[in-house]
file entry.cif (mmCIF, C-alpha atoms)
data_work
loop_
_atom_site.label_atom_id
_atom_site.label_comp_id
_atom_site.auth_asym_id
_atom_site.auth_seq_id
_atom_site.Cartn_x
_atom_site.Cartn_y
_atom_site.Cartn_z
CA MET F 1 50.09 112.59 52.37
CA ASN F 2 51.64 113.56 49.13
CA LEU F 3 49.96 110.77 47.14
CA LEU F 4 46.63 112.52 47.55
CA SER F 5 47.77 116.03 46.78
CA GLU F 6 50.07 115.62 43.82
CA PRO F 7 48.58 114.94 40.40
CA VAL F 8 48.52 111.46 38.94
CA GLY F 9 51.22 110.70 36.41
CA LEU F 10 51.96 107.93 33.96
CA ALA F 11 53.96 105.81 36.42
CA HIS F 12 50.91 105.37 38.66
CA TYR F 13 49.01 103.67 35.85
CA LEU F 14 51.99 101.53 34.90
CA VAL F 15 52.26 100.25 38.46
CA VAL F 16 48.60 99.21 38.50
CA GLY F 17 48.97 97.62 35.07
CA ALA F 18 52.01 95.66 36.20
CA PHE F 19 50.22 94.45 39.31
CA LEU F 20 47.23 93.24 37.29
CA PHE F 21 49.56 91.50 34.85
CA VAL F 22 51.43 89.66 37.59
CA CYS F 23 48.16 88.66 39.30
CA GLY F 24 46.99 87.24 36.00
CA ILE F 25 50.21 85.30 35.47
CA VAL F 26 50.07 83.81 38.97
CA CYS F 27 46.39 82.95 38.44
CA MET F 28 47.16 81.21 35.14
CA THR F 29 49.92 79.13 36.68
CA ILE F 30 48.35 78.27 40.01
CA LYS F 31 44.70 77.52 39.34
CA ARG F 32 43.60 73.95 38.81
CA ASN F 33 40.19 74.89 37.48
CA ALA F 34 40.24 75.52 33.74
CA VAL F 35 37.82 78.43 34.06
CA GLY F 36 40.16 79.90 36.69
CA VAL F 37 42.98 79.85 34.15
CA LEU F 38 40.73 81.78 31.76
CA MET F 39 40.19 84.41 34.43
CA GLY F 40 43.94 84.80 34.69
CA ILE F 41 44.10 85.42 30.96
CA GLU F 42 41.51 88.18 31.30
CA LEU F 43 43.55 89.83 34.04
CA VAL F 44 46.72 89.75 31.91
CA LEU F 45 44.95 91.36 28.96
CA ASN F 46 43.46 94.05 31.14
CA GLY F 47 46.84 94.91 32.60
CA ALA F 48 48.17 95.39 29.09
CA ASN F 49 45.12 97.46 28.14
CA LEU F 50 45.70 99.76 31.07
CA ASN F 51 49.24 100.35 29.84
CA PHE F 52 48.04 101.16 26.34
CA VAL F 53 45.43 103.60 27.55
CA ALA F 54 47.86 105.28 29.94
CA PHE F 55 50.45 105.87 27.24
CA GLY F 56 47.83 107.31 24.93
CA SER F 57 46.15 109.43 27.56
CA TRP F 58 45.66 113.12 27.03
CA VAL F 59 45.39 113.71 30.74
CA LEU F 60 48.54 111.95 31.88
CA ARG F 61 51.10 112.94 29.33
CA ASP F 62 52.36 115.94 27.49
CA GLU F 63 51.59 116.05 23.80
CA GLY F 64 54.93 115.66 22.16
CA ALA F 65 56.77 113.73 19.56
CA ALA F 66 56.69 110.61 21.70
CA SER F 67 53.03 110.60 22.62
CA ILE F 68 50.99 107.90 20.94
CA GLY F 69 47.71 109.76 21.27
CA LEU F 70 44.60 108.00 20.06
CA ASP F 71 46.58 104.97 18.89
CA GLY F 72 46.74 103.79 22.49
CA GLN F 73 42.97 103.68 22.78
CA LEU F 74 42.54 102.06 19.37
CA LEU F 75 44.99 99.32 20.28
CA ALA F 76 43.19 98.79 23.57
CA LEU F 77 39.92 98.51 21.65
CA PHE F 78 41.33 95.77 19.44
CA VAL F 79 42.72 93.97 22.49
CA ILE F 80 39.28 94.01 24.12
CA VAL F 81 37.61 92.54 21.03
CA LEU F 82 40.27 89.87 20.59
CA ALA F 83 40.14 88.96 24.28
CA ALA F 84 36.38 88.46 24.14
CA ALA F 85 36.72 86.26 21.05
CA GLU F 86 39.49 84.23 22.64
CA ALA F 87 37.49 83.79 25.85
CA ALA F 88 34.66 82.28 23.79
CA VAL F 89 36.92 79.77 22.07
CA ALA F 90 38.79 78.91 25.27
CA LEU F 91 35.51 78.27 27.02
CA ALA F 92 34.40 75.95 24.20
CA ILE F 93 37.67 74.06 24.66
CA ALA F 94 37.07 73.89 28.42
CA LEU F 95 33.60 72.48 27.82
CA ASN F 96 35.03 69.80 25.55
CA TYR F 97 37.66 69.00 28.16
CA TYR F 98 34.91 68.60 30.71
CA ARG F 99 32.99 66.26 28.41
CA THR F 100 35.92 63.96 27.81
CA HIS F 101 37.43 63.94 31.30
CA ALA F 102 34.28 64.49 33.41
CA THR F 103 36.21 67.02 35.44
CA VAL F 104 37.42 70.55 34.93
CA ASP F 105 40.66 69.99 36.84
CA VAL F 106 43.56 70.66 34.49
CA ASP F 107 45.86 68.47 36.56
CA GLN F 108 43.89 65.44 35.38
CA GLY F 109 44.72 66.15 31.77
CA ASP F 110 48.12 64.52 31.88
CA GLU F 111 47.72 62.12 28.97
CA LEU F 112 47.97 63.23 25.39
CA LYS F 113 45.49 60.60 24.30
CA GLY F 114 42.04 62.16 24.31
CA MET C 115 45.58 119.89 53.32
CA GLU C 116 44.66 120.15 49.72
CA ILE C 117 43.38 116.98 48.12
CA ASN C 118 43.61 116.55 44.38
CA CYS C 119 40.23 115.05 43.44
CA HIS C 120 41.58 113.25 40.43
CA ALA C 121 44.29 111.66 42.55
CA PHE C 122 41.76 110.65 45.19
CA PHE C 123 39.52 108.87 42.69
CA PHE C 124 42.52 107.31 41.00
CA LEU C 125 43.72 105.88 44.31
CA LEU C 126 40.24 104.58 45.09
CA MET C 127 39.84 102.85 41.71
CA ALA C 128 43.40 101.53 41.70
CA PHE C 129 43.01 100.10 45.18
CA LEU C 130 39.72 98.41 44.22
CA THR C 131 41.22 96.95 41.08
CA CYS C 132 44.34 95.61 42.74
CA ALA C 133 42.55 94.28 45.81
CA PHE C 134 40.00 92.34 43.80
CA ALA C 135 42.64 91.05 41.38
CA LEU C 136 44.51 89.69 44.40
CA ALA C 137 41.26 88.20 45.67
CA VAL C 138 40.86 86.36 42.35
CA VAL C 139 44.27 84.78 42.84
CA ILE C 140 43.77 83.87 46.48
CA SER C 141 40.19 82.60 46.38
CA SER C 142 39.56 78.92 45.79
CA ASN C 143 35.83 79.08 45.11
CA ILE C 144 35.27 79.52 41.38
CA VAL C 145 32.05 81.51 41.69
CA ARG C 146 33.67 83.98 44.07
CA MET C 147 36.60 84.30 41.69
CA ALA C 148 34.20 85.23 38.90
CA PHE C 149 32.56 87.88 41.07
CA TYR C 150 35.86 89.39 42.18
CA LEU C 151 36.93 89.50 38.55
CA VAL C 152 33.77 91.45 37.67
CA LEU C 153 34.62 94.02 40.34
CA SER C 154 38.25 94.21 39.30
CA LEU C 155 37.38 94.82 35.66
CA GLY C 156 34.84 97.42 36.74
CA GLY C 157 37.67 99.16 38.57
CA VAL C 158 39.73 99.06 35.38
CA ALA C 159 36.83 100.71 33.55
CA GLY C 160 36.90 103.45 36.19
CA LEU C 161 40.62 103.90 35.59
CA PHE C 162 39.96 104.22 31.87
CA PHE C 163 37.46 107.01 32.56
CA LEU C 164 39.98 108.78 34.76
CA ALA C 165 42.58 108.65 32.00
CA GLY C 166 40.26 110.42 29.58
CA ALA C 167 39.29 107.33 27.57
CA ASP C 168 35.55 107.73 27.96
CA PHE C 169 34.43 105.54 25.06
CA LEU C 170 36.83 102.79 26.03
CA GLY C 171 35.59 102.81 29.62
CA GLY C 172 32.04 102.28 28.43
CA LEU C 173 33.21 99.57 26.05
CA GLN C 174 35.05 97.81 28.88
CA LEU C 175 31.91 97.79 31.00
CA MET C 176 29.74 96.50 28.18
CA ILE C 177 32.04 93.85 26.78
CA TYR C 178 33.89 92.62 29.82
CA VAL C 179 31.51 93.07 32.70
CA GLY C 180 28.39 92.50 30.65
CA GLY C 181 29.64 89.89 28.22
CA THR C 182 32.79 87.98 28.90
CA LEU C 183 32.06 87.48 32.57
CA VAL C 184 28.56 86.25 31.86
CA LEU C 185 30.25 83.80 29.51
CA LEU C 186 32.58 82.68 32.27
CA ALA C 187 29.64 82.31 34.65
CA PHE C 188 27.95 80.05 32.11
CA GLY C 189 31.15 78.07 31.87
CA VAL C 190 31.25 77.66 35.63
CA MET C 191 27.64 76.52 35.69
CA LEU C 192 28.07 74.04 32.86
CA THR C 193 31.19 72.43 34.32
CA ALA C 194 30.10 72.13 37.92
CA ARG C 195 28.75 68.74 38.76
CA GLY C 196 27.06 68.30 42.10
CA PRO C 197 28.46 70.38 44.95
CA LEU C 198 31.25 72.67 43.84
CA VAL C 199 34.41 70.75 44.40
CA SER C 200 37.16 73.03 45.61
CA MET C 201 40.48 72.20 44.02
CA LYS C 202 43.30 73.34 46.20
CA THR C 203 46.85 73.86 45.07
CA PRO C 204 49.61 72.43 47.27
CA PRO C 205 51.48 75.05 49.31
CA GLY C 206 54.80 74.23 47.66
CA GLN C 207 53.44 75.38 44.30
CA TRP C 208 52.03 78.51 45.92
CA VAL C 209 55.47 79.46 47.23
CA LEU C 210 57.05 78.95 43.82
CA ALA C 211 54.34 80.96 42.07
CA VAL C 212 54.57 83.83 44.55
CA VAL C 213 58.35 83.93 44.24
CA ILE C 214 58.25 84.00 40.45
CA GLY C 215 55.35 86.47 40.36
CA GLY C 216 57.01 88.66 42.94
CA SER C 217 60.25 88.82 41.03
CA LEU C 218 58.42 89.64 37.79
CA LEU C 219 56.52 92.38 39.62
CA ALA C 220 59.76 93.76 41.01
CA VAL C 221 61.31 93.92 37.54
CA LEU C 222 58.22 95.60 36.05
CA LEU C 223 57.93 98.15 38.85
CA GLN C 224 61.60 98.97 38.67
CA THR C 225 61.25 99.57 34.93
CA ALA C 226 58.10 101.66 35.30
CA LEU C 227 59.58 103.89 37.98
CA SER C 228 63.01 104.34 36.45
CA VAL C 229 62.09 106.48 33.45
CA ASP C 230 62.14 110.13 34.49
CA ARG C 231 59.69 111.21 31.83
CA TRP C 232 57.08 108.91 33.27
CA THR C 233 57.55 109.66 36.96
CA GLY C 234 58.25 113.34 36.70
CA GLN C 235 55.70 116.08 36.75
CA PRO C 236 52.68 115.35 34.64
CA PRO C 237 51.83 117.83 31.85
CA SER C 238 53.32 121.29 32.15
CA GLU C 239 49.95 123.01 31.90
CA ALA C 240 47.85 121.01 34.36
CA ARG C 241 45.27 119.37 32.15
CA GLY C 242 41.96 118.77 33.77
CA LEU C 243 39.87 115.76 32.97
CA ALA C 244 36.93 118.02 32.17
CA GLU C 245 38.82 119.49 29.22
CA ALA C 246 39.73 116.15 27.71
CA PRO C 247 38.33 115.88 24.21
CA PRO C 248 35.60 113.29 23.65
CA THR C 249 36.97 110.19 22.00
CA SER C 250 33.98 108.40 20.48
CA ALA C 251 33.89 110.25 17.15
CA PRO C 252 37.69 110.26 16.59
CA LEU C 253 37.82 106.54 17.42
CA GLY C 254 34.99 105.73 15.06
CA LEU C 255 36.46 107.81 12.28
CA GLY C 256 39.90 106.30 12.87
CA LEU C 257 38.41 102.85 12.46
CA ILE C 258 37.04 103.70 9.03
CA GLY C 259 40.27 105.29 7.90
CA VAL C 260 40.20 108.97 8.78
CA ARG C 261 42.57 110.06 11.55
CA VAL C 262 40.87 113.26 12.62
CA ASP C 263 43.04 113.52 15.70
CA GLN C 264 46.15 114.10 13.62
CA LEU C 265 44.89 116.46 10.95
CA GLN C 266 47.71 118.91 11.63
CA GLN C 267 50.41 116.35 11.03
CA ASN C 268 53.16 118.28 9.27
CA ASN C 269 55.77 115.58 8.98
CA PRO C 270 55.40 114.13 5.44
CA ALA C 271 56.93 110.83 6.47
CA LEU C 272 54.22 110.36 9.09
CA ARG C 273 51.36 111.51 6.88
CA ALA C 274 51.69 108.35 4.87
CA GLY C 275 50.70 106.32 7.92
CA MET C 276 47.49 108.23 8.50
CA SER C 277 45.31 105.75 6.67
CA GLY C 278 43.73 104.74 9.91
CA TYR C 279 42.72 101.34 11.11
CA LEU C 280 40.40 100.30 8.30
CA LEU C 281 42.22 97.08 7.44
CA ALA C 282 42.45 96.05 11.07
CA PHE C 283 38.74 96.75 11.45
CA GLU C 284 37.86 94.50 8.52
CA VAL C 285 40.20 91.77 9.71
CA ILE C 286 38.73 91.82 13.17
CA SER C 287 35.21 91.66 11.74
CA PHE C 288 35.79 88.41 9.95
CA HIS C 289 37.92 87.18 12.83
CA LEU C 290 34.82 87.50 15.02
CA VAL C 291 32.72 85.57 12.49
CA VAL C 292 35.29 82.78 12.36
CA VAL C 293 35.47 82.68 16.16
CA LEU C 294 31.70 82.52 16.48
CA VAL C 295 31.43 79.65 14.04
CA GLY C 296 34.40 77.85 15.56
CA ALA C 297 33.21 78.19 19.14
CA ALA C 298 29.70 77.07 18.21
CA TYR C 299 31.13 74.04 16.43
CA LEU C 300 33.50 73.15 19.26
CA ALA C 301 30.82 73.44 21.90
CA ARG C 302 28.10 71.62 19.96
CA ALA C 303 26.00 69.11 21.83
CA LYS C 304 27.46 65.67 21.39
CA ARG C 305 26.18 62.36 22.66
CA ARG C 306 26.39 62.43 26.45
CA VAL C 307 27.38 58.78 26.70
CA GLU C 308 31.04 59.48 25.92
CA ALA C 309 32.30 60.38 29.37
CA ALA C 310 30.12 57.86 31.13
CA ALA C 311 31.16 55.05 28.79
CA LYS C 312 34.81 55.92 29.21
CA ARG C 313 34.59 55.72 32.97
CA GLN C 314 32.69 52.43 32.66
CA ALA C 315 35.47 51.04 30.51
CA ASP C 316 38.20 52.21 32.91
CA SER C 317 36.63 50.75 36.06
#
call {"tool": "encode", "arguments": {"input": "entry.cif", "output": "structure tokens"}}
result
Amino acid sequence: MNLLSEPVGLAHYLVVGAFLFVCGIVCMTIKRNAVGVLMGIELVLNGANLNFVAFGSWVLRDEGAASIGLDGQLLALFVIVLAAAEAAVALAIALNYYRTHATVDVDQGDELKG
Amino acid sequence: MEINCHAFFFLLMAFLTCAFALAVVISSNIVRMAFYLVLSLGGVAGLFFLAGADFLGGLQLMIYVGGTLVLLAFGVMLTARGPLVSMKTPPGQWVLAVVIGGSLLAVLLQTALSVDRWTGQPPSEARGLAEAPPTSAPLGLGLIGVRVDQLQQNNPALRAGMSGYLLAFEVISFHLVVVLVGAAYLARAKRRVEAAAKRQADS
């Protein structure tokens, strides 16, 4: 089984990152629960983080003119912090939605009037 | 048959991550979705460790698994009223979502696998994970403005950009303060009679 014996390259990480991203997108579009939509957002951001870390990885890539080195990990760090902040605000919005509509189903929020 | 240990652990972590991410999409029970998301993000932390980003893997575990998901669990608890009502999506929407998601995945995979530099042989001298330099100190120093990982930068045009991430660090610090204040204000306890009175008026 050549997947087990050959070393892991950059494309392996990009495939996993793409899969996480698409799972997050489908979760954001398909879930009726507002908290479920937030989980989709977390998946999307983690897929992007995996890409950043893979491109800046010392283990997966040759050091060369095109390697982004530590910048990949720094960008991923900022993405993590921003995602946590955005999850807090989005959850506050979801709580407000629940207070005004008495349900967390986003399909019930079909009127602009609050 | 020789097994590359790094490849074995990568496949294990990648399979865990992808399987639990798929479980988040498929599951209809919100508490189970939260738990599968915890496991998926833990798998991502494992993948970070395998890529040599040791500090970032620890940060992922602390912030995501230990913080954001606890936040989501609180959100689930605060918005569940009585028995957990399971909101199902009609199958027609599922088909549409899977078709669109599948085509996006196909495009992304085709892009990821088409660049020879990314799919070809990994580094010419096989770099082991054990020789990867530790990243905590360079990350910390990069955040306060000193790029110690690029001290031998000879290109004068690129040396100008070696001021590090100090401005971004400051911006994100007060961004967090603003978010804290904003979220606390948005989620403040209001009079509970609003929703009940509204339903009374509608009926």
call {"tool": "atom_distance", "arguments": {"input": "entry.cif", "atom1": "CA of Val22 (chain F)", "atom2": "CA of Leu38 (chain F)"}}
result
14.5 Å
call {"tool": "residues_around", "arguments": {"input": "entry.cif", "residues": "region 30-33 of chain F", "least_positions_apart": "5", "cutoff": "8 Å", "atoms": "all atoms listed in the file", "output": "list of chain:residue names"}}
result
F:Val104, F:Asp105, F:Val106, F:Asp107, C:Ile144, C:Met201, C:Lys202, C:Thr203, C:Gln207, C:Trp208, C:Ala211
call {"tool": "resolve_selection", "arguments": {"input": "entry.cif", "expression": "the PyMOL selection byres ((chain F and resi 44) around 10)", "output": "ChimeraX atom specification"}}
result
/F:17-28,38-43,45-49
call {"tool": "residues_near_point", "arguments": {"input": "entry.cif", "point": "(49.3, 107.7, 46.3)", "cutoff": "10 Å", "atoms": "all atoms listed in the file", "output": "ChimeraX atom specification"}}
result
/F:1-8,12 /C:121-122,124-126,128-129
call {"tool": "resolve_selection", "arguments": {"input": "entry.cif", "expression": "the PyMOL selection byres ((chain C and resi 155-169) around 8)", "output": "tab-separated table (two decimals) with C-alpha atoms, in the coordinates of the input"}}
result
chain	number	residue	atom	x	y	z
F	46	ASN	CA	43.46	94.05	31.14
F	50	LEU	CA	45.70	99.76	31.07
F	53	VAL	CA	45.43	103.60	27.55
F	54	ALA	CA	47.86	105.28	29.94
F	57	SER	CA	46.15	109.43	27.56
F	58	TRP	CA	45.66	113.12	27.03
F	59	VAL	CA	45.39	113.71	30.74
F	60	LEU	CA	48.54	111.95	31.88
F	73	GLN	CA	42.97	103.68	22.78
C	120	HIS	CA	41.58	113.25	40.43
C	123	PHE	CA	39.52	108.87	42.69
C	124	PHE	CA	42.52	107.31	41.00
C	127	MET	CA	39.84	102.85	41.71
C	128	ALA	CA	43.40	101.53	41.70
C	130	LEU	CA	39.72	98.41	44.22
C	131	THR	CA	41.22	96.95	41.08
C	151	LEU	CA	36.93	89.50	38.55
C	152	VAL	CA	33.77	91.45	37.67
C	153	LEU	CA	34.62	94.02	40.34
C	154	SER	CA	38.25	94.21	39.30
C	170	LEU	CA	36.83	102.79	26.03
C	171	GLY	CA	35.59	102.81	29.62
C	172	GLY	CA	32.04	102.28	28.43
C	173	LEU	CA	33.21	99.57	26.05
C	174	GLN	CA	35.05	97.81	28.88
C	175	LEU	CA	31.91	97.79	31.00
C	178	TYR	CA	33.89	92.62	29.82
C	179	VAL	CA	31.51	93.07	32.70
C	243	LEU	CA	39.87	115.76	32.97
C	246	ALA	CA	39.73	116.15	27.71
C	247	PRO	CA	38.33	115.88	24.21
C	248	PRO	CA	35.60	113.29	23.65
C	249	THR	CA	36.97	110.19	22.00
C	250	SER	CA	33.98	108.40	20.48
call {"tool": "atom_distance", "arguments": {"input": "entry.cif", "atom1": "CA of Thr182 (chain C)", "atom2": "CA of Ala148 (chain C)"}}
result
10.5 Å
call {"tool": "residues_around", "arguments": {"input": "entry.cif", "residues": "Ser67 (chain F)", "least_positions_apart": "6", "cutoff": "8 Å", "atoms": "all atoms listed in the file", "output": "PyMOL selection string"}}
result
chain F and resi 55-56+61
call {"tool": "residues_around", "arguments": {"input": "entry.cif", "residues": "region 272-289 of chain C", "least_positions_apart": "5", "cutoff": "8 Å", "atoms": "all atoms listed in the file", "output": "list in words"}}
result
Phe78, Val81 and Leu82 of chain F; Gly256, Leu257, Ile258, Gly259, Val260, Arg261, Gln264 and Gln267 of chain C
call {"tool": "closest_residue", "arguments": {"input": "entry.cif", "among": "F:Ile68, F:Leu95, F:Ala11, F:Leu74", "to": "Leu255 (chain C)", "atoms": "all atoms listed in the file"}}
result
F:Leu74
call {"tool": "resolve_selection", "arguments": {"input": "entry.cif", "expression": "the PyMOL selection byres ((chain F and resi 83-89) around 7)", "output": "ChimeraX atom specification"}}
result
/F:79-82,90-93 /C:182,290,293,297
call {"tool": "atom_distance", "arguments": {"input": "entry.cif", "atom1": "CA of Gly109 (chain F)", "atom2": "CA of Ala94 (chain F)"}}
result
11.4 Å
call {"tool": "residues_around", "arguments": {"input": "entry.cif", "residues": "Thr225 (chain C)", "least_positions_apart": "6", "cutoff": "10 Å", "atoms": "all atoms listed in the file", "output": "MDAnalysis selection string"}}
result
(chainID F and resid 11 14:15) or (chainID C and resid 219)
call {"tool": "closest_residue", "arguments": {"input": "entry.cif", "among": "F:Leu75, F:Gln108, F:Gly9, F:Lys113", "to": "chain C", "atoms": "all atoms listed in the file"}}
result
F:Gly9
call {"tool": "axis_aligned_box", "arguments": {"input": "entry.cif", "around": "region 133-137 of chain C", "padding_each_side": "8 Å", "output": "lines of an AutoDock Vina configuration file"}}
result
center_x = 42.3
center_y = 91.2
center_z = 43.6
size_x = 20.5
size_y = 22.1
size_z = 20.4
call {"tool": "residues_around", "arguments": {"input": "entry.cif", "residues": "Arg146 (chain C)", "least_positions_apart": "5", "cutoff": "12 Å", "atoms": "only C-alpha atoms", "output": "list in words"}}
result
Gly36 and Met39 of chain F; Phe134, Ala135, Ala137, Val138, Val139, Ile140, Ser141, Leu151, Val152, Leu153, Leu186, Ala187, Val190, Leu198 and Ser200 of chain C
call {"tool": "closest_residue", "arguments": {"input": "entry.cif", "among": "C:Ala244, C:Val213, C:Gly206, C:Asn118", "to": "chain F", "atoms": "all atoms listed in the file"}}
result
C:Asn118
call {"tool": "closest_residue", "arguments": {"input": "entry.cif", "among": "C:Gln266, C:Ser228, C:Thr233, C:Ser217", "to": "chain F", "atoms": "all atoms listed in the file"}}
result
C:Thr233
